[in-house]
Amino acid sequence: EVNLEWMVGLDDQYGPISVNAFVGGNWMRNLYEEINISGNGFNVPFEQFINNTVTRNWGYGYSERGINSVFGSAEVGYKGFIYLTGTVRSDWFSVLNPENNNIVYPSVGGSLVFSDMINTLPSWFSFGKVRASWAQVGNVTVNPYDVNLTYSISGNTHTVNTGSYTLAGFSGGQRGATIPNPGLLPLTSTELEIGADLRFFQDRLGLDFTWYDQVTTDDILRASISEGSGFRSTFVNVGELNNTGVEILLYGTPVRGALTWDVSLNFAKNNNEVVSLIEGADELSLEEPRTRTVRIKHLVGYPYGMITGWTQKQTPDGRLVYEDDGGPVQSDEYNIIGYGVPDFTGGLENSFTWKGINLSFLIDFKSGGDIYSGTNVRLTGNGLTEISLQGREGQEPLSVTGAIQTGETADGEPIYEDFSYTMEPNEARNYWGQLSTRAGENFTYDASFIKLRQLTLGYNFPQSLIGNSPFTTISISFVGRNLWIISKNTPNIDPEASYTSNNSQGMDYFGALPVRSWGFNLRLGF
């Protein structure tokens, strides 16, 4: 990646008024190219080199993208306690078609350090600042060649067989993943933010508070489409998403001296709503795991990223409906079974310093939000979870209670009767297999957690030990990451498991577990 940037600016003082302004531009080019080879099976066992493989496949990848930008900013201050800032930026993205690839976005903000303006504040009030801003940001989240239909070369010799040139969506007769959308626009995010920074008792206690209201229009998302098209998805611009929330940082130094203790607590809560989608649609399907029984959807009037799927059918008065052998009856349509985004997140960090020794640890937490576990679906369906022990020979019997449909009224409405049934072992085995595919709510869990995210123990060598060495500072530290899940509600999986790397939160399907890691750092200063 190559970036060329130029800036011309002014920073000067005119009596009580300060001015800091500049204009600039940026030229970015990113080039990616790869050649790869892979093989399956070994002709000679345990000799793991590529020429020993039975079958070999070659691959080639290439992409190039660029962004041209111009921007400007101007900040005017008065006596060091009032500031007004304005910015504007224009970007041209090469990954979009020329008629849609430009966006201009401005911002304006102001801040007031009222503690420097008011002389009558009490001595325990160290610092006070309030701020407000309105800003727009433009961005593009697609990759090169996602908006135009391109061609790739198959494994055949392309100089002989013209059929070896295939649509990118079709390769070797396989259905492709994504059909390009040439009409994609850059997304725009418009945010109003109000905040305050307050400090007390010579900065030993502080509070930073932010409230924001963000509206995103033309957000770029991958949407599922009919596979009759030969593709499975396409990128679309979504109408409008609204996010409103608060972010709070509370920090302090309860102990200061030979032993110093610093502590900070951060908290963030976000409420969001899908205001509108593409024209004529009130829902947008995103990802689904390999169980093919749930989907993440955006639904107008609901929060972003609802988990929907097959559930067990219920009577109007809420009783679960069963078949005559105790098997669960599947609902007639997908229902909402969860919400993948947490209610709030936060972290608590403590740091202790004593005679060059420093110890710190960070505890992360998340409250609310759900996760559908395809891992538990498959494990339960194959009798590999603790819950599936019910009903086996020598184990606790498996009994169900609910309702069974016995007929229909003259108007076609179902007639239900109370139902209670204790299953034989072979019936219980079928029950767990049916439950895992017909009733997704049983495998949707509260994704709240508390984790010991990081622990660090270090030592800064004093100057008396460094002596006449060429170093001015020497420090060592041991760092541990992902050390302990203190609390969770998700059996057999990590509550932060995911199925995809995009915004389809709330799904798991045999996701890789987080790694507990230990590290050692040595820092030398000259």
# chains A, B, ... in the order shown; residues from 1 in each chain; ligands from 1

$ select_by_dssp --residues "region 378-515 of chain A" --states "strand (DSSP E or B)" --output "PyMOL selection string"
chain A and resi 399-408+414-422+444-446+449-460+473-488+507-508

$ residues_around --residues "Tyr509 (chain A)" --least-positions-apart "3" --cutoff "7 Å" --atoms "only C-alpha atoms" --output "ChimeraX atom specification"
/A:289,373-375,499

$ write_last_selection --atoms "N, CA, C and O atoms" --output "tab-separated table (two decimals), in the first residue's frame"
chain	number	residue	atom	x	y	z
A	289	PRO	N	-26.39	-20.33	9.50
A	289	PRO	CA	-25.38	-21.35	9.71
A	289	PRO	C	-25.71	-22.60	8.91
A	289	PRO	O	-26.75	-22.68	8.24
A	373	SER	N	-26.55	-21.45	18.81
A	373	SER	CA	-25.40	-22.33	18.74
A	373	SER	C	-25.66	-23.52	17.82
A	373	SER	O	-26.29	-24.51	18.23
A	374	GLY	N	-25.16	-23.45	16.60
A	374	GLY	CA	-25.21	-24.60	15.72
A	374	GLY	C	-24.34	-25.73	16.23
A	374	GLY	O	-24.59	-26.91	15.94
A	375	THR	N	-23.31	-25.40	17.01
A	375	THR	CA	-22.49	-26.43	17.63
A	375	THR	C	-23.33	-27.33	18.53
A	375	THR	O	-23.28	-28.56	18.44
A	499	TYR	N	-19.83	-17.04	13.57
A	499	TYR	CA	-19.87	-17.88	12.38
A	499	TYR	C	-19.28	-17.18	11.17
A	499	TYR	O	-18.70	-17.80	10.30

$ atom_distance --atom1 "CA of Asp494 (chain A)" --atom2 "CA of Ser477 (chain A)"
28.0 Å

$ closest_residue --among "A:Arg256, A:Arg438, A:Lys488, A:Arg232" --to "Lys313 (chain A)" --atoms "only C-alpha atoms"
A:Arg438

$ residues_around --residues "region 37-40 of chain A" --least-positions-apart "2" --cutoff "10 Å" --atoms "only C-alpha atoms" --output "compact mmCIF listing (two decimals) with N, CA, C and O atoms, in the first residue's frame"
# COMPACT_ATOMS: atom_id res chain seq x y z
N ILE A 35 -0.14 -16.19 -5.32
CA ILE A 35 -0.17 -17.46 -6.02
C ILE A 35 -0.10 -18.53 -4.94
O ILE A 35 0.75 -18.46 -4.04
N PHE A 42 -1.33 -38.09 0.50
CA PHE A 42 0.10 -38.25 0.30
C PHE A 42 0.40 -39.59 -0.36
O PHE A 42 -0.11 -40.63 0.06
N ASN A 43 1.21 -39.57 -1.39
CA ASN A 43 1.64 -40.81 -2.03
C ASN A 43 2.49 -41.64 -1.08
O ASN A 43 2.34 -42.86 -0.99
N GLN A 48 5.38 -34.79 4.13
CA GLN A 48 4.45 -33.69 3.92
C GLN A 48 5.08 -32.57 3.10
O GLN A 48 5.46 -31.53 3.62
N PHE A 49 5.25 -32.84 1.80
CA PHE A 49 5.67 -31.80 0.88
C PHE A 49 4.76 -31.85 -0.35
O PHE A 49 4.18 -32.89 -0.66
N ILE A 50 4.65 -30.72 -1.05
CA ILE A 50 3.58 -30.55 -2.01
C ILE A 50 3.68 -31.52 -3.18
O ILE A 50 2.67 -32.00 -3.70
N ASN A 51 4.89 -31.87 -3.62
CA ASN A 51 5.02 -32.78 -4.75
C ASN A 51 4.69 -34.22 -4.39
O ASN A 51 4.65 -35.09 -5.27
N ASN A 52 4.48 -34.48 -3.10
CA ASN A 52 4.09 -35.82 -2.67
C ASN A 52 2.58 -35.99 -2.59
O ASN A 52 2.09 -37.06 -2.26
N THR A 53 1.83 -34.91 -2.88
CA THR A 53 0.38 -35.00 -2.78
C THR A 53 -0.22 -35.67 -4.01
O THR A 53 0.33 -35.59 -5.12
N VAL A 54 -1.34 -36.36 -3.80
CA VAL A 54 -2.00 -37.09 -4.87
C VAL A 54 -2.64 -36.13 -5.87
O VAL A 54 -2.50 -36.26 -7.09
N THR A 55 -3.37 -35.16 -5.35
CA THR A 55 -4.01 -34.15 -6.21
C THR A 55 -3.54 -32.78 -5.78
O THR A 55 -3.38 -32.50 -4.60
N ARG A 56 -3.32 -31.92 -6.75
CA ARG A 56 -2.85 -30.58 -6.46
C ARG A 56 -3.74 -29.54 -7.15
O ARG A 56 -4.26 -29.79 -8.23
N ASN A 57 -3.89 -28.42 -6.48
CA ASN A 57 -4.69 -27.32 -7.01
C ASN A 57 -3.89 -26.03 -6.90
O ASN A 57 -3.25 -25.76 -5.88
N TRP A 58 -3.96 -25.25 -7.98
CA TRP A 58 -3.28 -23.97 -7.99
C TRP A 58 -4.31 -22.84 -7.91
O TRP A 58 -5.44 -22.99 -8.37
N GLY A 59 -3.92 -21.76 -7.31
CA GLY A 59 -4.81 -20.61 -7.24
C GLY A 59 -4.05 -19.31 -7.44
O GLY A 59 -2.84 -19.23 -7.19
N TYR A 60 -4.76 -18.33 -7.93
CA TYR A 60 -4.16 -17.02 -8.16
C TYR A 60 -5.16 -15.96 -7.74
O TYR A 60 -6.35 -16.06 -8.05

$ residues_around --residues "Glu5 (chain A)" --least-positions-apart "4" --cutoff "9 Å" --atoms "only C-alpha atoms" --output "VMD selection string"
chain A and resid 24 to 28

$ write_last_selection --atoms "N, CA and C atoms" --output "short mmCIF file (atom, residue, chain, number, x, y, z; two decimals), in the first residue's frame"
data_model
loop_
_atom_site.label_atom_id
_atom_site.label_comp_id
_atom_site.auth_asym_id
_atom_site.auth_seq_id
_atom_site.Cartn_x
_atom_site.Cartn_y
_atom_site.Cartn_z
N GLY A 24 -5.57 19.73 2.56
CA GLY A 24 -4.67 18.65 2.18
C GLY A 24 -5.32 17.68 1.24
N GLY A 25 -4.55 16.69 0.87
CA GLY A 25 -5.06 15.64 -0.01
C GLY A 25 -4.31 14.35 0.23
N ASN A 26 -4.90 13.25 -0.19
CA ASN A 26 -4.28 11.94 -0.02
C ASN A 26 -4.53 11.10 -1.26
N TRP A 27 -3.51 10.37 -1.67
CA TRP A 27 -3.57 9.45 -2.81
C TRP A 27 -3.16 8.09 -2.29
N MET A 28 -4.10 7.13 -2.26
CA MET A 28 -3.82 5.79 -1.74
C MET A 28 -4.02 4.75 -2.82
#

$ residues_around --residues "Thr260 (chain A)" --least-positions-apart "2" --cutoff "12 Å" --atoms "only C-alpha atoms" --output "VMD selection string"
chain A and resid 204 252 to 258 262 to 263 350 to 360

$ atom_distance --atom1 "CA of Tyr83 (chain A)" --atom2 "CA of Gly109 (chain A)"
8.3 Å

$ select_by_dssp --residues "region 283-496 of chain A" --states "alpha helix (DSSP H)" --output "ChimeraX atom specification"
/A:374-381,425-438,463-466

$ closest_residue --among "A:Tyr212, A:Ala223, A:Ser388, A:Trp518" --to "Glu287 (chain A)" --atoms "only C-alpha atoms"
A:Ala223

$ residues_around --residues "region 126-130 of chain A" --least-positions-apart "5" --cutoff "10 Å" --atoms "only C-alpha atoms" --output "PyMOL selection string"
chain A and resi 81-82+110-118+121+194-210

$ atom_distance --atom1 "CA of Arg516 (chain A)" --atom2 "CA of Phe478 (chain A)"
13.6 Å

$ closest_residue --among "A:Val215, A:Leu265, A:Val95, A:Leu389" --to "Pro186 (chain A)" --atoms "only C-alpha atoms"
A:Val95

$ residues_around --residues "Thr190 (chain A)" --least-positions-apart "3" --cutoff "9 Å" --atoms "only C-alpha atoms" --output "list in words"
Trp134, Ala135, Gln136, Val137, Gly138, Asp213, Gln214, Val215, Thr216 and Thr217 of chain A

$ write_last_selection --atoms "C-alpha atoms" --output "short mmCIF file (atom, residue, chain, number, x, y, z; two decimals), in the first residue's frame"
data_model
loop_
_atom_site.label_atom_id
_atom_site.label_comp_id
_atom_site.auth_asym_id
_atom_site.auth_seq_id
_atom_site.Cartn_x
_atom_site.Cartn_y
_atom_site.Cartn_z
CA TRP A 134 -22.31 17.20 14.36
CA ALA A 135 -20.45 15.13 11.80
CA GLN A 136 -20.89 13.05 8.69
CA VAL A 137 -18.64 10.20 7.60
CA GLY A 138 -18.65 8.40 4.27
CA ASP A 213 -27.42 9.82 18.06
CA GLN A 214 -26.26 8.24 14.81
CA VAL A 215 -28.19 7.71 11.59
CA THR A 216 -26.65 5.53 8.89
CA THR A 217 -28.08 5.66 5.38
#

$ closest_residue --among "A:Thr472, A:Asn266, A:Gln405, A:Ser285" --to "Thr308 (chain A)" --atoms "only C-alpha atoms"
A:Ser285
